[in-house]
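*Asks:* What follows is upload.cif, mmCIF, C-alpha atoms.
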```cif
data_work
#
loop_
_atom_site.label_atom_id
_atom_site.label_comp_id
_atom_site.auth_asym_id
_atom_site.auth_seq_id
_atom_site.Cartn_x
_atom_site.Cartn_y
_atom_site.Cartn_z
CA MET W 1 -16.52 93.32 -15.49
CA ASP W 2 -14.96 91.99 -12.30
CA ASP W 3 -17.07 94.37 -10.20
CA LEU W 4 -20.28 93.12 -11.85
CA ASP W 5 -19.38 89.51 -11.18
CA LEU W 6 -18.71 90.29 -7.54
CA ASP W 7 -22.15 92.01 -7.18
CA ASP W 8 -23.94 88.97 -8.69
CA GLU W 9 -22.17 86.62 -6.35
CA ALA W 10 -23.07 88.82 -3.36
CA GLN W 11 -26.78 88.84 -4.33
CA ALA W 12 -26.75 85.07 -4.80
CA GLY W 13 -25.18 84.68 -1.41
CA ASP W 14 -27.82 86.85 0.25
CA GLY W 15 -30.64 84.74 -1.27
CA ALA W 16 -29.11 81.52 -0.03
CA ALA W 17 -28.73 82.93 3.47
CA TRP W 18 -32.38 84.04 3.54
CA MET W 19 -33.63 80.58 2.53
CA ALA W 20 -31.55 78.94 5.23
CA THR W 21 -33.02 81.25 7.90
CA PHE W 22 -36.59 80.57 6.71
CA ALA W 23 -36.05 76.80 6.71
CA ASP W 24 -34.67 76.96 10.26
CA MET W 25 -37.71 78.94 11.45
CA MET W 26 -40.20 76.48 9.86
CA THR W 27 -38.37 73.54 11.41
CA LEU W 28 -38.51 75.16 14.84
CA LEU W 29 -42.25 75.86 14.47
CA LEU W 30 -42.89 72.26 13.45
CA CYS W 31 -41.03 71.00 16.47
CA PHE W 32 -42.96 73.40 18.69
CA PHE W 33 -46.38 72.17 17.53
CA ILE W 34 -45.30 68.55 17.76
CA LEU W 35 -44.29 69.23 21.36
CA LEU W 36 -47.67 70.83 22.10
CA LEU W 37 -49.48 67.84 20.59
CA SER W 38 -47.46 65.44 22.71
CA PHE W 39 -48.59 67.27 25.85
CA ALA W 40 -52.29 67.20 24.80
CA THR W 41 -54.70 64.45 25.86
CA MET W 42 -57.22 63.48 23.12
CA ASP W 43 -60.69 62.29 24.16
CA VAL W 44 -61.55 59.72 21.49
CA GLN W 45 -65.24 59.60 22.38
CA LYS W 46 -65.61 63.38 22.11
CA PHE W 47 -63.83 63.28 18.79
CA ARG W 48 -66.25 60.64 17.48
CA ASP W 49 -69.25 62.64 18.74
CA ALA W 50 -67.93 65.75 17.00
CA MET W 51 -67.49 63.89 13.74
CA GLY W 52 -71.01 62.46 14.02
CA SER W 53 -72.45 65.95 14.64
CA ILE W 54 -70.67 67.24 11.53
CA GLN W 55 -72.20 64.44 9.48
CA GLU W 56 -75.62 65.24 10.93
CA ALA W 57 -75.33 68.94 10.13
CA LEU W 58 -74.37 68.21 6.53
CA GLY W 59 -77.42 65.97 6.14
CA VAL W 60 -75.51 63.31 4.23
CA GLN W 61 -74.87 60.00 5.90
CA PHE W 62 -73.46 56.77 4.60
CA GLU W 63 -73.66 53.41 6.26
CA HIS W 64 -70.22 51.79 6.24
CA ASP W 65 -67.74 50.11 8.54
CA GLY W 66 -65.45 52.57 10.23
CA ALA W 67 -64.49 54.35 13.40
CA PHE W 68 -66.98 57.21 13.14
CA GLU W 69 -70.72 56.89 13.67
CA ALA W 70 -73.38 59.61 13.60
CA ILE W 71 -75.21 59.93 16.90
CA ALA W 72 -78.50 61.25 15.44
CA SER W 73 -80.49 61.28 12.23
CA SER W 74 -80.42 64.50 10.25
CA PRO W 75 -83.72 66.47 10.20
CA LEU W 76 -82.97 67.32 6.59
CA GLN W 77 -82.58 63.65 5.77
CA GLN W 78 -85.81 62.75 7.62
CA ASP W 79 -87.78 65.45 5.80
CA THR W 80 -86.38 64.28 2.47
CA GLU W 81 -87.30 60.66 3.16
CA GLU W 82 -90.84 61.61 4.27
CA GLY W 83 -91.27 63.84 1.23
CA ASN W 84 -90.08 61.12 -1.12
CA GLY W 85 -92.53 58.67 0.48
CA ALA W 86 -95.48 61.05 0.05
CA ILE W 87 -94.53 61.78 -3.56
CA GLY W 88 -94.20 58.06 -4.20
CA GLU W 89 -97.73 57.48 -2.89
CA ASP W 90 -99.03 60.32 -5.05
CA ARG W 91 -97.36 58.90 -8.15
CA ALA W 92 -98.83 55.46 -7.49
CA LEU W 93 -102.30 57.00 -7.08
CA LEU W 94 -101.78 59.09 -10.22
CA ASP W 95 -100.86 55.97 -12.22
CA GLU W 96 -103.98 54.19 -10.97
CA LEU W 97 -106.21 57.15 -11.83
CA THR W 98 -104.62 57.53 -15.26
CA ALA W 99 -105.21 53.83 -16.00
CA ALA W 100 -108.87 54.12 -14.94
CA ILE W 101 -109.37 57.18 -17.16
CA ALA W 102 -107.81 55.38 -20.11
CA GLU W 103 -110.08 52.37 -19.60
CA GLU W 104 -113.13 54.63 -19.80
CA GLY W 105 -111.75 56.27 -22.97
CA LEU W 106 -112.04 59.74 -21.48
CA ASP W 107 -108.46 60.93 -21.81
CA ASP W 108 -109.56 64.03 -23.71
CA GLN W 109 -112.14 65.05 -21.07
CA ILE W 110 -110.51 64.00 -17.80
CA GLY W 111 -107.01 64.87 -16.70
CA ALA W 112 -104.92 64.01 -13.65
CA GLU W 113 -101.80 65.64 -12.30
CA ILE W 114 -99.80 66.21 -9.12
CA ASP W 115 -99.50 69.67 -7.57
CA GLY W 116 -98.61 71.04 -4.16
CA ARG W 117 -101.87 69.79 -2.62
CA GLY W 118 -101.65 66.23 -3.89
CA VAL W 119 -103.23 64.43 -6.85
CA VAL W 120 -105.82 66.45 -8.79
CA VAL W 121 -108.39 64.82 -11.09
CA ARG W 122 -109.91 67.43 -13.40
CA ILE W 123 -113.18 66.68 -15.22
CA ASP W 124 -114.78 68.92 -17.84
CA GLY W 125 -118.08 70.31 -16.62
CA GLN W 126 -119.87 69.27 -19.80
CA VAL W 127 -119.07 65.63 -19.02
CA LEU W 128 -120.92 65.76 -15.70
CA TYR W 129 -123.57 68.50 -15.97
CA PRO W 130 -125.80 70.22 -18.51
CA LEU W 131 -124.89 73.80 -19.30
CA GLY W 132 -126.01 76.15 -16.52
CA ASN W 133 -127.20 73.29 -14.31
CA ALA W 134 -125.88 71.25 -11.39
CA GLU W 135 -127.83 68.02 -11.94
CA LEU W 136 -125.57 65.12 -12.85
CA LYS W 137 -125.95 63.60 -16.31
CA PRO W 138 -126.65 59.84 -16.48
CA GLU W 139 -123.36 59.33 -18.33
CA ALA W 140 -121.52 60.83 -15.35
CA ASN W 141 -122.43 57.83 -13.16
CA PRO W 142 -119.73 55.39 -14.34
CA ILE W 143 -117.05 58.06 -14.09
CA LEU W 144 -117.94 59.06 -10.54
CA THR W 145 -118.43 55.42 -9.54
CA ARG W 146 -114.86 54.67 -10.61
CA ILE W 147 -113.50 57.69 -8.76
CA ALA W 148 -115.48 56.71 -5.63
CA ALA W 149 -113.93 53.25 -5.73
CA LEU W 150 -110.46 54.80 -5.90
CA VAL W 151 -111.27 57.10 -2.98
CA ARG W 152 -112.40 54.14 -0.87
CA GLY W 153 -109.12 52.41 -1.61
CA THR W 154 -106.99 55.26 -0.26
CA SER W 155 -106.65 57.10 3.03
CA HIS W 156 -106.71 60.53 1.37
CA ARG W 157 -109.26 63.19 2.10
CA VAL W 158 -110.90 64.46 -1.08
CA MET W 159 -111.88 68.06 -1.74
CA ILE W 160 -114.39 68.47 -4.58
CA GLU W 161 -114.04 71.92 -6.14
CA GLY W 162 -116.50 73.46 -8.59
CA HIS W 163 -115.45 76.07 -11.18
CA THR W 164 -117.35 78.06 -13.81
CA ASP W 165 -116.48 80.42 -16.65
CA ASP W 166 -116.89 84.20 -16.45
CA ILE W 167 -120.36 84.34 -18.01
CA PRO W 168 -122.71 85.41 -15.18
CA ILE W 169 -125.81 83.38 -14.35
CA ARG W 170 -128.88 84.86 -12.67
CA THR W 171 -131.70 82.42 -12.05
CA ALA W 172 -133.94 81.69 -9.09
CA ARG W 173 -132.02 78.48 -8.51
CA TYR W 174 -128.51 79.86 -9.08
CA PRO W 175 -128.35 83.61 -8.41
CA SER W 176 -124.65 83.68 -9.32
CA ASN W 177 -121.74 81.50 -10.36
CA TRP W 178 -120.95 80.99 -6.69
CA GLU W 179 -124.15 79.01 -6.16
CA LEU W 180 -123.71 77.12 -9.43
CA SER W 181 -120.12 76.05 -8.76
CA THR W 182 -120.89 75.04 -5.17
CA ALA W 183 -124.08 73.19 -6.14
CA ARG W 184 -122.13 71.18 -8.71
CA ALA W 185 -119.55 70.23 -6.11
CA ILE W 186 -122.33 69.25 -3.69
CA ALA W 187 -123.99 67.05 -6.32
CA ALA W 188 -120.71 65.20 -6.87
CA MET W 189 -120.22 64.90 -3.10
CA ARG W 190 -123.69 63.39 -2.63
CA PHE W 191 -122.95 60.83 -5.31
CA MET W 192 -119.65 59.90 -3.62
CA VAL W 193 -121.33 59.50 -0.23
CA ASN W 194 -124.04 57.34 -1.78
CA GLU W 195 -121.22 55.17 -3.14
CA ASN W 196 -120.12 54.47 0.47
CA VAL W 197 -117.33 57.03 0.62
CA PRO W 198 -117.14 58.19 4.26
CA ALA W 199 -118.69 61.64 4.48
CA GLU W 200 -115.98 62.87 6.89
CA ARG W 201 -113.39 62.35 4.17
CA VAL W 202 -115.16 64.49 1.58
CA GLY W 203 -115.34 68.27 1.44
CA VAL W 204 -116.63 70.70 -1.18
CA ALA W 205 -115.77 74.19 -2.36
CA GLY W 206 -117.12 76.51 -5.06
CA TYR W 207 -114.82 79.07 -6.65
CA ALA W 208 -117.14 80.48 -9.36
CA ASP W 209 -114.90 81.96 -12.09
CA LEU W 210 -112.07 83.09 -9.80
CA ARG W 211 -109.62 80.27 -10.59
CA PRO W 212 -109.64 79.90 -14.38
CA LEU W 213 -107.27 77.64 -16.27
CA GLU W 214 -107.56 79.77 -19.41
CA PRO W 215 -108.13 83.52 -19.97
CA ASN W 216 -111.87 83.17 -20.88
CA GLU W 217 -111.30 84.78 -24.28
CA SER W 218 -112.93 82.10 -26.44
CA GLU W 219 -115.61 79.45 -26.13
CA ALA W 220 -112.99 76.69 -25.99
CA GLN W 221 -111.21 78.43 -23.14
CA ARG W 222 -114.49 78.96 -21.28
CA ALA W 223 -115.32 75.27 -21.71
CA ALA W 224 -111.95 74.38 -20.17
CA ASN W 225 -112.69 76.60 -17.18
CA ARG W 226 -116.07 74.95 -16.56
CA ARG W 227 -114.79 71.98 -14.58
CA VAL W 228 -114.90 70.01 -11.35
CA GLU W 229 -111.69 69.01 -9.60
CA PHE W 230 -111.24 66.12 -7.18
CA VAL W 231 -108.22 66.92 -5.03
CA PHE W 232 -106.74 63.94 -3.19
CA ILE W 233 -105.21 65.92 -0.35
CA ARG W 234 -101.78 64.87 0.84
CA GLU W 235 -101.97 64.40 4.60
CA THR W 236 -99.20 65.84 6.80
CA PRO W 237 -99.02 64.64 10.43
CA PRO W 238 -98.78 67.29 13.19
CA GLU W 239 -95.21 68.28 14.06
CA ASP W 240 -95.71 67.93 17.82
CA SER W 241 -97.53 64.60 17.76
CA PRO W 242 -96.67 61.23 16.22
CA GLN W 243 -100.34 60.25 15.97
CA VAL W 244 -101.95 59.83 12.60
CA ALA W 245 -104.21 62.72 11.64
CA GLY W 246 -107.83 61.86 12.26
CA ALA W 247 -107.04 58.90 14.54
CA GLU W 248 -109.00 60.43 17.40
CA SER W 249 -112.22 62.36 17.38
CA PRO W 250 -111.81 66.09 18.07
CA GLU W 251 -112.92 67.20 21.51
CA ALA W 252 -115.59 69.74 22.10
CA GLY W 253 -114.46 73.24 21.23
CA ASP W 254 -111.72 72.11 18.80
CA GLU W 255 -111.61 73.73 15.39
CA PRO W 256 -112.89 71.43 12.60
CA GLN W 257 -110.58 70.30 9.83
CA ASP W 258 -110.86 72.08 6.48
CA GLY W 259 -112.68 69.22 4.79
CA GLU W 260 -115.08 68.71 7.68
CA GLY W 261 -115.95 72.40 7.95
CA ALA W 262 -116.46 72.65 4.21
CA THR W 263 -118.67 69.58 4.28
CA ALA W 264 -120.91 71.01 7.02
CA ASP W 265 -121.24 74.36 5.28
CA SER W 266 -121.93 72.67 1.96
CA ARG W 267 -124.66 70.50 3.47
CA ALA W 268 -126.32 73.61 4.89
CA LEU W 269 -126.15 75.26 1.47
CA ALA W 270 -127.57 72.14 -0.19
CA GLU W 271 -130.51 72.09 2.23
CA GLU W 272 -131.14 75.76 1.54
CA ILE W 273 -131.11 75.18 -2.22
CA GLU W 274 -133.51 72.25 -1.87
CA ALA W 275 -135.83 74.36 0.27
CA GLU W 276 -135.88 77.05 -2.42
CA GLN W 277 -136.65 74.45 -5.08
CA ALA W 278 -139.62 72.96 -3.16
CA PRO W 279 -142.14 75.79 -3.92
CA ALA W 280 -141.12 75.79 -7.59
CA ASN W 281 -141.53 72.04 -7.88
CA ALA W 282 -144.91 72.22 -6.16
CA GLY W 283 -146.16 74.56 -8.83
CA LEU W 284 -145.06 72.33 -11.71
#
```
Using structure tokens, write down the structure that the file contains.
*Replies:*
Amino acid sequence: MDDLDLDDEAQAGDGAAWMATFADMMTLLLCFFILLLSFATMDVQKFRDAMGSIQEALGVQFEHDGAFEAIASSPLQQDTEEGNGAIGEDRALLDELTAAIAEEGLDDQIGAEIDGRGVVVRIDGQVLYPLGNAELKPEANPILTRIAALVRGTSHRVMIEGHTDDIPIRTARYPSNWELSTARAIAAMRFMVNENVPAERVGVAGYADLRPLEPNESEAQRAANRRVEFVFIRETPPEDSPQVAGAESPEAGDEPQDGEGATADSRALAEEIEAEQAPANAGL
């Protein structure tokens, strides 16, 4: 029993000695680093700049009284603020369009939403055109007049897109759904221009049956796919220039904007369609 007690005391003594050595070493290291710090010279301005750069890289900045101040605005923060501003404008436009649609009592035939391009107003084809035709119905006038007024009140460019179902059409006037969808978009564009919407802000496109909303498996789904969309395009300024897009006229040789090129091509197509209709009308 005495031998066991002596062994326990020896082990306890070894543990205490080890802790004392470790504590001495840590104390010496602490003194060493304190000595190094006392020899160092701290540049306060560089320290502040470094802290500001860290804040900038994180993209989160708070305005408060203190010793540290960021020396630049974060690109991430700038992009977020610009994106929030554009989305806010789109939401305001969407609210205005929704109110106008409700006033006309056409909530079941006209829809409006926001997507990656901007605000999209979607109108059923049967509201604007007879089946298989691109001539505007008389009852389409108040709807398009209201939309034209909204376009004049914004700075957005508007792309008018025509869509059809998958039932093919083959007539002298519309050889395929391409001609029908584009002619419908052109008819809406002409109405907008006649309502004093600047022609350079309006473009057209015809997609035939290539961008359906529904699978084209029933008559109701086909009716939903026969539509015209007014896309209020969200403008993005050029990255290398602070000027507003469209502030200056393009110089000779410059590529036209999407809306302008589409407008020119659509006008040429409209003239061609009218030329084809002239002999037929002469024979009536």
*Asks:* Would you please work out which residue, of W:Arg190, W:Arg122, W:Arg152, W:Arg201, is nearest to Glu229 in chain W when using all atoms listed in the file?
*Replies:*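 With all atoms listed in the file as the atom set, the closest residue is W:Arg122.
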*Asks:* Would you write out, as JSON, numbers by chain, every residue that the PyMOL selection byres ((chain W and resi 213) around 6) captures in this file?
*Replies:* {"W": [212, 214, 225]}
*Asks:* What's the separation between CA of Pro130 in chain W and CA of Ala149 in chain W, in Å to one decimal place?
*Replies:*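 Here the two named atoms are 24.3 Å from each other.
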*Asks:* Pick from W:Ala224, W:Ala183, W:Ile143, W:Met192: nearest to Asp165 in chain W, with all atoms listed in the file counted?
*Replies:* W:Ala224
*Asks:* Give me, please, the distance in Å between CA of Leu136 in chain W and CA of Glu113 in chain W, quoted to one decimal.
*Replies:* 23.8 Å
*Asks:* Pick the closest to Ala199 in chain W from W:Pro215, W:Ile34, W:Val158, W:Ala102: which is it, counting all atoms listed in the file?
*Replies:*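 So, comparing all the options, the nearest one is W:Val158.
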*Asks:* What residues come out when you apply the PyMOL selection byres ((chain W and resi 196) around 12) to this file, written as a PDB file with C-alpha atoms, in the frame of the given file?
*Replies:*
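Saved to out.pdb:
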```pdb
ATOM      1  CA  THR W 145    -118.430  55.420  -9.540  1.00  0.00           C
ATOM      2  CA  ILE W 147    -113.500  57.690  -8.760  1.00  0.00           C
ATOM      3  CA  ALA W 148    -115.480  56.710  -5.630  1.00  0.00           C
ATOM      4  CA  ALA W 149    -113.930  53.250  -5.730  1.00  0.00           C
ATOM      5  CA  LEU W 150    -110.460  54.800  -5.900  1.00  0.00           C
ATOM      6  CA  VAL W 151    -111.270  57.100  -2.980  1.00  0.00           C
ATOM      7  CA  ARG W 152    -112.400  54.140  -0.870  1.00  0.00           C
ATOM      8  CA  GLY W 153    -109.120  52.410  -1.610  1.00  0.00           C
ATOM      9  CA  MET W 189    -120.220  64.900  -3.100  1.00  0.00           C
ATOM     10  CA  ARG W 190    -123.690  63.390  -2.630  1.00  0.00           C
ATOM     11  CA  PHE W 191    -122.950  60.830  -5.310  1.00  0.00           C
ATOM     12  CA  MET W 192    -119.650  59.900  -3.620  1.00  0.00           C
ATOM     13  CA  VAL W 193    -121.330  59.500  -0.230  1.00  0.00           C
ATOM     14  CA  ASN W 194    -124.040  57.340  -1.780  1.00  0.00           C
ATOM     15  CA  GLU W 195    -121.220  55.170  -3.140  1.00  0.00           C
ATOM     16  CA  VAL W 197    -117.330  57.030   0.620  1.00  0.00           C
ATOM     17  CA  PRO W 198    -117.140  58.190   4.260  1.00  0.00           C
ATOM     18  CA  ALA W 199    -118.690  61.640   4.480  1.00  0.00           C
ATOM     19  CA  GLU W 200    -115.980  62.870   6.890  1.00  0.00           C
ATOM     20  CA  ARG W 201    -113.390  62.350   4.170  1.00  0.00           C
ATOM     21  CA  VAL W 202    -115.160  64.490   1.580  1.00  0.00           C
TER      22      VAL W 202
END
```
*Asks:* Calculated over only C-alpha atoms, which of the candidates W:Phe39, W:Phe32, W:Phe232, W:Tyr174 has the smallest distance to Gly118 in chain W?
*Replies:*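 Of all the options, W:Phe232 lies closest to Gly118 in chain W.
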*Asks:* To one decimal in Å, tell me the separation between CA of Glu179 in chain W and CA of Glu219 in chain W.
*Replies:*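 CA of Glu219 in chain W lies 21.7 Å from CA of Glu179 in chain W.
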*Asks:* Could you check which of W:Thr164, W:Leu131, W:Asp115, W:Val121 is closest to Glu96 in chain W, using only C-alpha atoms?
*Replies:*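 That would be W:Val121, the residue with the smallest distance to Glu96 in chain W.
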*Asks:* So which residues get picked by the PyMOL selection byres ((chain W and resi 163) around 8) here, written as a list in words?
*Replies:*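 Evaluating the PyMOL selection byres ((chain W and resi 163) around 8) on this file yields Glu161, Gly162, Thr164, Asp165, Ser181, Gly206, Tyr207, Ala208, Asp209, Leu210, Arg211, Pro212, Asn225, Arg226, Arg227 and Val228 of chain W.
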*Asks:* Restricting the calculation to only C-alpha atoms, which member of W:Ile167, W:Ala112, W:Leu30, W:Val119 is positioned closest to Ile233 in chain W?
*Replies:*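 Using only C-alpha atoms, the shortest distance to Ile233 in chain W belongs to W:Val119.
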